[in-house]
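Below you'll find the structure, written out as C-alpha cells, and then a few comments.
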Amino acid sequence: MATTAKTRPWRLLTLLVVILIGFSVWAFFPGTGNTIRLGLDLQGGTQVILLPKPVTEGTEITDEQLAQTVEILRARVDGLGVAEAEVTTQGSGSGAAIVVSVPGLNQDRIVELVQQTALLNFRPVWNIYGSTPIPAVDGAVAAIAVPPVQASENSPEFQSELAALDCTDPTVLAGGTPDDSVKWLATCEQSGAAKYSLQPAFIRGTNVTNATAELPQGGVTWVVSLEFDSEGAAALSRASTELSALPECGSGAEPCNAFAIVLDGIVVSAPRFNEPILGGQAQIEGNFTVQEARDLASVLKFGALPITLDPVDVTTISPTVGSDQLRAGLIAGAIGLVLVMLYLLFYYRLLGTVAGLSLIVAGGLVYTIFIVLSKTIGLTLTLAGVAGAIVAIGITADSFIVYFERIRDEIRDGKSLRQACDSGWIRARRTLLAADFVSLLAAVVLYLLSVGSVRGFAFVLGLVTVIDVLVAFWFTHPMTVLLGRTQFMQNGARWTGLDPDRLGGVSVADALAGQSRRKRREASA
Amino acid sequence: MNKLTAIGQRLYRGEVSFDFIGRWKTWYIVSGIILLISVGALVGRGINLGIEFKGGADFSLPAAICTVEEARMVAETQTGAQSIVTVTGAGTVRVQTQTLTPAESSVLAGQLADACGIAKDDIKYQVVGPTWGAEISAKALQGLIVFILLVSLFLTLYFEWRMAVGALVALAHDLLITIGIYALIGLEVTPATVIGFLTILGYSLYDTVVVFDKVKENTRGLTGQSVLTYNEAANLAVNQTVVRSINTTIVALLPVVSIIFVGAFLLGAGTLLDLAVVLAIGMTAGTFSSIFIATPVLAQLKSATPEMKSLTTRVYARRVQAQRKNPGAGEEVPMGDTLVTSRILDPSDRSQPRKVPRSKRK
C-alpha cells in the first residue's frame with residue numbers, strides 16, 4: 001500500500017465545483033418552486049395514514065388495485081381544492097400503507113373523505129344532460145348542489161337538485177360521497193362533459209368476476225370484456241333485455257337505452273345496450289385506445305374487490321407548530337455544526353479549517369440536491385429528515401477524522417507531509433468506503449422496509465452518506481494535499497495540526513531506548 | 001498541540017498501550033452487569049410505549065393558560081375515560097386519551113381550545129388506531145433482520161466471518177443496552193425512538209468497521225513473523241484507533257446533544273428530542289462496544305485458530321530465547337495472556353521498503 005500515482009488535486013476540485021454548480025443551476029433555474037418542499041410536520045396540515053384491507057376476507061390486494069385506490073383518493077383530495085395535497089403509497093401489496101397529506105389548516109373533513117370505501121355500480125341511465133346547471137322553470141335559481149345527489153325516488157326535489165348540479169366545477173368531480181346503490185343518483189361524467197340522472201343499480205361491482213382489455217380478432221379498436229357471476233349474469237340479462245328496447249340516450253327520451261358504470265359516485269363510462277346479453281359475458285365497445293380500454297378494465301376489476309381504508313394514524317399540526325419545529329431544527333443544526341467545527345479547529349488546527357470547509361461544501365450539496373429532488377420527484381423534508389441531516393454532521397466529520405488521523409500516523413512513521421497526505425489517503429480511503437457502505441446499507445434497508453417518518457429519515461441519512469464520500473474524495477483529500485504542498489505547512493508550524501516534532505518526535509521513551517525510527521533512518525542514510 | 005495528540009502519538013507507536021484485549025474479562029464483566037440491569041429493567045418494568053404503538057389520541061396545546069386539572073376535566077368529561085395530562089417544556093400542555101374517532105377528536109380539540117384559551121388550529125393532535133403500532137413494529141423488525149443478514153454477508157466477504165461475529169455481538173450489545181436504559185428510565189418509545197434505534201445499527205457497525213479495518217491491516221502477513229501474537233497486533237490496532245474513536249464520538253455527540261438542548265428548551269417532547277436521546281445513548285454504547293467488546297470477541301475467536309495458536313507458541317518461544325541471551329535487559333516481555341507495556345514493532349512497517357527521506361534523495 002505504498003503511494004501510487006500522484007494525486008491531481010486541481011482536477012478533483014474542479015470536478016466537485018462543476019458538480020456543485022451543476023446542481024445549483026438545476027436547483028435555482030429556471031422557473032419557480034426553488035425551495036425545499038416541507039413535510040406536513042414542518043408546514044402544518046393534516047396527514048392520514050390509511051391501511052387498505054380487502055372487504056372480502058382472505059383476498060390479497062394487488063398493486064393494480066392499490067394504484068386505482070390512490071387514483072380515487074387523489075381525485076377526492078383534489079376536490080378539496082388545496083394546493084399540494086398529496087396521496088402516496090408506501091410499500092406494496094397487502095402490506096402497503098397509503099399516506100394522504102393535506103397541507104394548510106386543519107381539515108376535519110379529510111379523514112371522512114378518504115376513508116370512504118370506493119364502490120362500483122352499474123346503473124340504468126334515466127337521462128343525460130349538458131354539464132352546466134339548468135335554470136329552473138320558474139326562474140328561481142336552485143341552491144348549488146353538492147354532488148352526487150341521491151334520492152329514493154325520481155322526485156321533483158331530486159329533479160331540481162339535478163338541474164342545479166354544475167359538472168364544470170372540479171369539486172363536483174371529486175367523488176368520495178357514499179354511493180347508495182338502491183337510490184337514484186344525479187352525478188357527472190368523470191371529465192365533467194355531461195350530467196346524468198341514474199336509476200338504482202342493477203349490478204354491483206362485486207358481481208364482476210373478470211374484466212380484460214382485448215383487441216378482438218379482425219378488430220381495429222380495443223374492447224373491454226366483462227364476466228359476471230350468476231347473480232350478475234341474471235341481472236344483466238334482465239336489464240339488457242329491458243334497456244335495449246328503449247330509445248337512444250340523448251334523444252330526450254326518459255329512460256333511455258344506456259347504463260352507467262359508476263365508480264366512487266362518478267360516471268366512468270356509459271355504454272348503451274345493443275342487444276340483450278344472456279350469457280353473463282359482455283363486451284364494451286367504443287373506439288377505445290389501448291390505454292382507455294386498460295383503464296376501464298382496471299376500474300371494473302377494482303370494483304369487483306372493494307377495499308376498505310382504515311385510518312390508522314391521523315396527525316394534525318398547525319402551521320405555527322410546524323414552523324416552530326422547523327426553526328428549532330435549524331437552530332439545533334446550526335449549534336451542532338458550529339460546535340463540531342470549533343472542535344475540529346481546536347484539535348486539528350489548520351487542518352480543521354479543511355474539515356470545516358468540507359462540512360460547508362457537504363451542506364451546500366445536500367441543500368441543492370434536496371431542492372432538485374423536491375422539484376423532480378417531489379421529495380419533502382420532514383422533521384425526521386431534519387434530524388437525519390443534523391445527526392449526519394457528526395458522521396460526515398468522522399470521515400475527515402479518519403483521514404487526518406491516518407496522515408498523522410504516516411508522519412509518525414517518518415513520511416514527509418506531502419507523502420503522508422497521499423499515502424494516508426490511500427489507507428483512509430478503504431476504511432471510509434467500507435464504513436460508509438455499512439451506513440448506506442442501513443439507510444437503504446430502512447428506506448425500503450419502513451413506513452411513515454422512518455423513510456424520510458433514512459433517505460436523508462443515505463443521501464448524506466453518499467455526499468460524504470463524494471466530498472471526502474473530491475474536496476477534503478485534494479484540499480489537504482494542496483495545503484500540504486504549501487511552504488507554510490511544510491515548515492511544520494505549531495498550529496498546522498501536523499507538526500512532525502509533536503506528532504512523531506523524540507519521546508522520552510525513545511530517547512532512553514535510543515531507537516527512534518526516525519533517528520535510525522537518519523543514521524543509516 | 002494538546003494532550004490527546006501526544007497520547008495519540010505514543011499509542012500509535014506502542015509506547016503507551018492500554019491492554020484492551022488482554023483485560024477482556026474486566027470489560028465482559030462490566031458489560032455483563034450493564035446488560036443484566038438492562039434485561040432486568042426490560043422484564044421488570046417493561047417499555048413505556050407511546051400512543052403510536054398502543055393506540056390513542058394525543059393533543060398538544062402550546063402556550064396553554066389552563067391548568068392540568070382543567071384540561072383533564074375537559075378530556076375526561078368528553079371521553080368518559082381516564083386521560084393523562086402533562087406539561088412539557090415551553091408551557092405546552094399535553095393530553096393523552098384513549099383512541100377516538102376523527103370526529104370525536106375534532107370535538108375534543110375544540111373543547112380543549114376553548115378551555116385553555118387558544119385557537120383550535122394551534123392544537124397539534126394525533127389519533128392512532130391500535131393496529132398501527134403493530135404494523136410499524138413489524139416493519140422495523142423486518143428491516144432489522146434484513147439489514148443484519150446483508151451486513152453479515154458484507155462483513156464476511158470484506159473481512160472474515162469472525163469479524164462479522166464480533167461486530168454483531170457488539171451491535172446486539174448496543175441495542176440491548178439502549179432498550180434497557182429506556183426501560184430503566186421509563187422514557188416513552190415513539191416512532192422517532194424507533195428511527196433513532198435503527199440508526200444506531202448503522203452507526204455502531206460503522207464504528208466497528210473502522211477499528212476492524214486497522215486490525216485487518218495490522219494482521220496482514222502476521223503468520224510470517226514471530227514478533228507479535230494476533231492478540232497483540234489487534235490490541236495495537238485498537239490503541240492506534242482509540243484517539244480517532246474518542247474524536248469521532250465527541251464530534252458525533254455534539255450535534256445530538258445540541259438537538260437535546262434545543263428540543264428540551266424550545267419544543268418540549270417531539271420527534272427531535274426522542275430521536276436525539278436514543279442516539280446519544282446508542283452512540284456512546286457503540287463506541288464503547290467497538291473497543292471493548294467487538295475486538296476482544298474477534299481476538300478470542302481468531303486466537304483459537306490453529307495458525308494463530310502456533311504463532312503464539314512461536315512468539316513466546318522466541319521471547320524466552322531472547323531473554324536467555326540477554327537476561328540483564330530487565331525489560332518485561334509478554335509471556336501469557338497479559339500484555340505488558342512494551343515496545344512493539346509495527347508489523348506493517350516491517351513489510352514495507354524503507355523510504356529514503358526527501359532530503360536524502362538524489
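How things are named: the first chain in the C-alpha cells is A, the next is B, and so on; residues count from 1 in each chain; ligands count from 1 in the order shown.
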
Residues of chain B at most 6 Å from chain A: nearest atom pair and distance in Å, only C-alpha atoms, as JSON lines:
{"residue": "B:Gln9", "atom": "CA", "partner": "A:Leu503", "partner_atom": "CA", "distance": 5.6}
{"residue": "B:Asp121", "atom": "CA", "partner": "A:Ser318", "partner_atom": "CA", "distance": 5.6}
{"residue": "B:Asp122", "atom": "CA", "partner": "A:Ser318", "partner_atom": "CA", "distance": 5.0}
{"residue": "B:Lys124", "atom": "CA", "partner": "A:Ile317", "partner_atom": "CA", "distance": 4.3}
{"residue": "B:Tyr125", "atom": "CA", "partner": "A:Thr316", "partner_atom": "CA", "distance": 5.0}
{"residue": "B:Gln126", "atom": "CA", "partner": "A:Thr315", "partner_atom": "CA", "distance": 4.0}
{"residue": "B:Val127", "atom": "CA", "partner": "A:Val314", "partner_atom": "CA", "distance": 4.9}
{"residue": "B:Val128", "atom": "CA", "partner": "A:Asp313", "partner_atom": "CA", "distance": 4.3}
{"residue": "B:Gly129", "atom": "CA", "partner": "A:Val312", "partner_atom": "CA", "distance": 4.5}
{"residue": "B:Trp132", "atom": "CA", "partner": "A:Val312", "partner_atom": "CA", "distance": 5.5}
{"residue": "B:Lys139", "atom": "CA", "partner": "A:Ser450", "partner_atom": "CA", "distance": 5.6}
{"residue": "B:Gly143", "atom": "CA", "partner": "A:Leu449", "partner_atom": "CA", "distance": 5.4}
{"residue": "B:Ile195", "atom": "CA", "partner": "A:Val454", "partner_atom": "CA", "distance": 5.6}
{"residue": "B:Gly202", "atom": "CA", "partner": "A:Ser439", "partner_atom": "CA", "distance": 4.8}
{"residue": "B:Tyr206", "atom": "CA", "partner": "A:Ala435", "partner_atom": "CA", "distance": 4.8}
{"residue": "B:Val209", "atom": "CA", "partner": "A:Ala435", "partner_atom": "CA", "distance": 5.6}
{"residue": "B:Val210", "atom": "CA", "partner": "A:Thr431", "partner_atom": "CA", "distance": 5.9}
{"residue": "B:Thr248", "atom": "CA", "partner": "A:Asp398", "partner_atom": "CA", "distance": 5.4}
{"residue": "B:Val251", "atom": "CA", "partner": "A:Gly394", "partner_atom": "CA", "distance": 5.1}
{"residue": "B:Ala252", "atom": "CA", "partner": "A:Gly394", "partner_atom": "CA", "distance": 3.8}
{"residue": "B:Leu254", "atom": "CA", "partner": "A:Gly336", "partner_atom": "CA", "distance": 5.8}
{"residue": "B:Pro255", "atom": "CA", "partner": "A:Gly336", "partner_atom": "CA", "distance": 3.8}
{"residue": "B:Ser258", "atom": "CA", "partner": "A:Ala332", "partner_atom": "CA", "distance": 5.4}
{"residue": "B:Ile259", "atom": "CA", "partner": "A:Ala332", "partner_atom": "CA", "distance": 4.9}
{"residue": "B:Val262", "atom": "CA", "partner": "A:Ala332", "partner_atom": "CA", "distance": 5.7}

Can you spit out the residues from that selection as an mmCIF file, in the first residue's frame, using N, CA and C atoms?
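Final output, part_9.cif:
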data_model
loop_
_atom_site.group_PDB
_atom_site.id
_atom_site.type_symbol
_atom_site.label_atom_id
_atom_site.label_comp_id
_atom_site.auth_asym_id
_atom_site.auth_seq_id
_atom_site.Cartn_x
_atom_site.Cartn_y
_atom_site.Cartn_z
ATOM 1 N N GLN B 9 0.092 9.899 19.698
ATOM 2 C CA GLN B 9 1.379 9.562 19.130
ATOM 3 C C GLN B 9 1.987 8.373 19.854
ATOM 4 N N ASP B 121 -56.913 25.773 15.851
ATOM 5 C CA ASP B 121 -55.937 25.472 14.807
ATOM 6 C C ASP B 121 -54.513 25.350 15.337
ATOM 7 N N ASP B 122 -54.273 25.895 16.537
ATOM 8 C CA ASP B 122 -52.923 25.811 17.081
ATOM 9 C C ASP B 122 -52.667 24.481 17.769
ATOM 10 N N LYS B 124 -51.969 20.703 18.059
ATOM 11 C CA LYS B 124 -51.435 19.631 17.234
ATOM 12 C C LYS B 124 -52.002 18.344 17.793
ATOM 13 N N TYR B 125 -52.692 17.580 16.985
ATOM 14 C CA TYR B 125 -53.165 16.331 17.545
ATOM 15 C C TYR B 125 -53.018 15.147 16.621
ATOM 16 N N GLN B 126 -52.986 14.020 17.240
ATOM 17 C CA GLN B 126 -52.733 12.795 16.502
ATOM 18 C C GLN B 126 -53.631 11.698 17.068
ATOM 19 N N VAL B 127 -54.289 10.984 16.179
ATOM 20 C CA VAL B 127 -55.123 9.868 16.607
ATOM 21 C C VAL B 127 -54.574 8.616 15.942
ATOM 22 N N VAL B 128 -54.292 7.618 16.742
ATOM 23 C CA VAL B 128 -53.696 6.413 16.181
ATOM 24 C C VAL B 128 -54.536 5.204 16.539
ATOM 25 N N GLY B 129 -54.853 4.430 15.538
ATOM 26 C CA GLY B 129 -55.604 3.201 15.769
ATOM 27 C C GLY B 129 -54.711 2.163 16.424
ATOM 28 N N TRP B 132 -51.918 0.117 14.268
ATOM 29 C CA TRP B 132 -50.829 0.779 13.549
ATOM 30 C C TRP B 132 -49.469 0.483 14.166
ATOM 31 N N LYS B 139 -42.666 -3.856 10.699
ATOM 32 C CA LYS B 139 -41.810 -3.346 9.623
ATOM 33 C C LYS B 139 -40.386 -3.125 10.122
ATOM 34 N N GLY B 143 -37.018 -4.904 8.865
ATOM 35 C CA GLY B 143 -35.861 -4.142 8.418
ATOM 36 C C GLY B 143 -34.606 -4.568 9.158
ATOM 37 N N ILE B 195 -36.786 5.116 14.967
ATOM 38 C CA ILE B 195 -35.873 5.603 13.927
ATOM 39 C C ILE B 195 -34.459 5.705 14.485
ATOM 40 N N GLY B 202 -26.590 1.331 12.025
ATOM 41 C CA GLY B 202 -25.584 1.789 11.077
ATOM 42 C C GLY B 202 -24.386 2.354 11.806
ATOM 43 N N TYR B 206 -20.584 1.014 11.759
ATOM 44 C CA TYR B 206 -19.633 1.932 11.114
ATOM 45 C C TYR B 206 -18.388 2.061 11.981
ATOM 46 N N VAL B 209 -16.377 -1.099 12.020
ATOM 47 C CA VAL B 209 -15.661 -1.323 10.763
ATOM 48 C C VAL B 209 -14.349 -0.549 10.752
ATOM 49 N N VAL B 210 -14.366 0.689 11.248
ATOM 50 C CA VAL B 210 -13.140 1.496 11.257
ATOM 51 C C VAL B 210 -12.050 0.817 12.100
ATOM 52 N N THR B 248 -14.230 10.943 17.177
ATOM 53 C CA THR B 248 -15.458 10.677 16.438
ATOM 54 C C THR B 248 -16.668 10.739 17.352
ATOM 55 N N VAL B 251 -17.421 14.330 18.226
ATOM 56 C CA VAL B 251 -17.982 15.049 17.085
ATOM 57 C C VAL B 251 -19.398 14.569 16.750
ATOM 58 N N ALA B 252 -19.639 13.264 16.923
ATOM 59 C CA ALA B 252 -20.983 12.759 16.620
ATOM 60 C C ALA B 252 -21.980 13.168 17.698
ATOM 61 N N LEU B 254 -21.813 15.924 19.631
ATOM 62 C CA LEU B 254 -22.073 17.376 19.716
ATOM 63 C C LEU B 254 -23.401 17.774 19.072
ATOM 64 N N PRO B 255 -23.656 17.406 17.811
ATOM 65 C CA PRO B 255 -24.953 17.793 17.223
ATOM 66 C C PRO B 255 -26.133 17.147 17.946
ATOM 67 N N SER B 258 -26.828 19.000 21.017
ATOM 68 C CA SER B 258 -27.465 20.293 20.740
ATOM 69 C C SER B 258 -28.932 20.106 20.371
ATOM 70 N N ILE B 259 -29.275 18.986 19.737
ATOM 71 C CA ILE B 259 -30.700 18.717 19.493
ATOM 72 C C ILE B 259 -31.427 18.522 20.816
ATOM 73 N N VAL B 262 -31.869 22.041 22.440
ATOM 74 C CA VAL B 262 -32.858 22.849 21.719
ATOM 75 C C VAL B 262 -34.235 22.210 21.847
#

Open item on the list: If DSSP is run on the backbone, what residues of stretch 79-258 of chain B are alpha helix (DSSP H)? A reply as a PyMOL selection string would be ideal.
Closed with: chain B and resi 79+102-116+132-158+161-185+191-218+230-258

TODO: Report the residues of stretch 99-181 of chain B whose backbone DSSP state falls under strand (DSSP E), written as a ChimeraX atom specification.
DONE: /B:124-128

Hey, can you spit out that residue selection with N, CA and C atoms as a short mmCIF file (atom, residue, chain, number, x, y, z; two decimals), in the first residue's frame?
data_model
loop_
_atom_site.label_atom_id
_atom_site.label_comp_id
_atom_site.auth_asym_id
_atom_site.auth_seq_id
_atom_site.Cartn_x
_atom_site.Cartn_y
_atom_site.Cartn_z
N LYS B 124 -51.97 20.70 18.06
CA LYS B 124 -51.44 19.63 17.23
C LYS B 124 -52.00 18.34 17.79
N TYR B 125 -52.69 17.58 16.99
CA TYR B 125 -53.16 16.33 17.55
C TYR B 125 -53.02 15.15 16.62
N GLN B 126 -52.99 14.02 17.24
CA GLN B 126 -52.73 12.80 16.50
C GLN B 126 -53.63 11.70 17.07
N VAL B 127 -54.29 10.98 16.18
CA VAL B 127 -55.12 9.87 16.61
C VAL B 127 -54.57 8.62 15.94
N VAL B 128 -54.29 7.62 16.74
CA VAL B 128 -53.70 6.41 16.18
C VAL B 128 -54.54 5.20 16.54
#

Task: Given only C-alpha atoms as the counted atoms, nearest of B:Lys120, B:His173, B:Leu266, B:Leu275 to B:Ser31 - done: B:His173

Open item on the list: Given only C-alpha atoms as the basis, pick out the residue of A:Ala270, A:Cys188, A:Leu483, A:Val460 nearest to A:Leu165.
Closed with: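 Between A:Ala270, A:Cys188, A:Leu483, A:Val460, the residue approaching A:Leu165 most closely is A:Cys188.
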
- [ ] In Å, rounded to a single decimal, give me how far atom CA of B:Ala172 is from atom CA of B:Leu153.
- [x]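 Atom-to-atom, atom CA of B:Leu153 and atom CA of B:Ala172 are spaced 16.6 Å apart.
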
Open item on the list: I'd like the contact shell of B:Gly282 - 7 Å cut-off, only C-alpha atoms, skipping same-chain residues fewer than 2 positions apart - returned as number ranges by chain.
Closed with: B: 174, 178, 200, 278-280, 284-286

Could you take the residues named above and write them with C-alpha atoms, as an mmCIF file, in the first residue's frame?
data_model
loop_
_atom_site.group_PDB
_atom_site.id
_atom_site.type_symbol
_atom_site.label_atom_id
_atom_site.label_comp_id
_atom_site.auth_asym_id
_atom_site.auth_seq_id
_atom_site.Cartn_x
_atom_site.Cartn_y
_atom_site.Cartn_z
ATOM 1 C CA ASP B 174 -25.564 -1.646 21.936
ATOM 2 C CA THR B 178 -30.282 1.186 24.681
ATOM 3 C CA ILE B 200 -27.702 3.009 15.905
ATOM 4 C CA VAL B 278 -31.907 7.413 21.776
ATOM 5 C CA LEU B 279 -28.958 8.344 19.564
ATOM 6 C CA ALA B 280 -26.967 9.781 22.446
ATOM 7 C CA THR B 284 -21.971 6.147 23.460
ATOM 8 C CA ALA B 285 -22.641 2.419 23.741
ATOM 9 C CA GLY B 286 -21.456 1.999 20.133
#

Open item on the list: Set the distance at 10 Å and use only C-alpha atoms: which residues neighbour B:Trp24 once local chain neighbours fewer than 5 positions away are removed? I'd like the list as a list in words.
Closed with: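 That gives Asp19, Ile29, Val30, Phe292, Ile293, Thr295, Pro296, Val297, Ala299 and Gln300 of chain B.
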
Task: Residue contacts of B:Ile181 (9 Å, only C-alpha atoms) excluding same-chain residues fewer than 6 positions away, as an NGL selection string - done: :B and (37-38 or 41-42 or 187 or 281)

Task: Atom-to-atom span, atom CA of A:Arg123 and atom CA of A:Ile61, Å - done: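 Between atom CA of A:Arg123 and atom CA of A:Ile61 the gap is 26.1 Å.
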
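Across the model, the gap from atom CA of B:Arg220 to atom CA of B:Gln321 is 25.2 Å.
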
Task: Nearest residue to A:Phe273 from the set A:Pro124, A:Gly219, A:Gly378, A:Pro478 (distances using only C-alpha atoms) - done: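 Going through A:Pro124, A:Gly219, A:Gly378, A:Pro478 one by one, the smallest distance to A:Phe273 is for A:Pro124.
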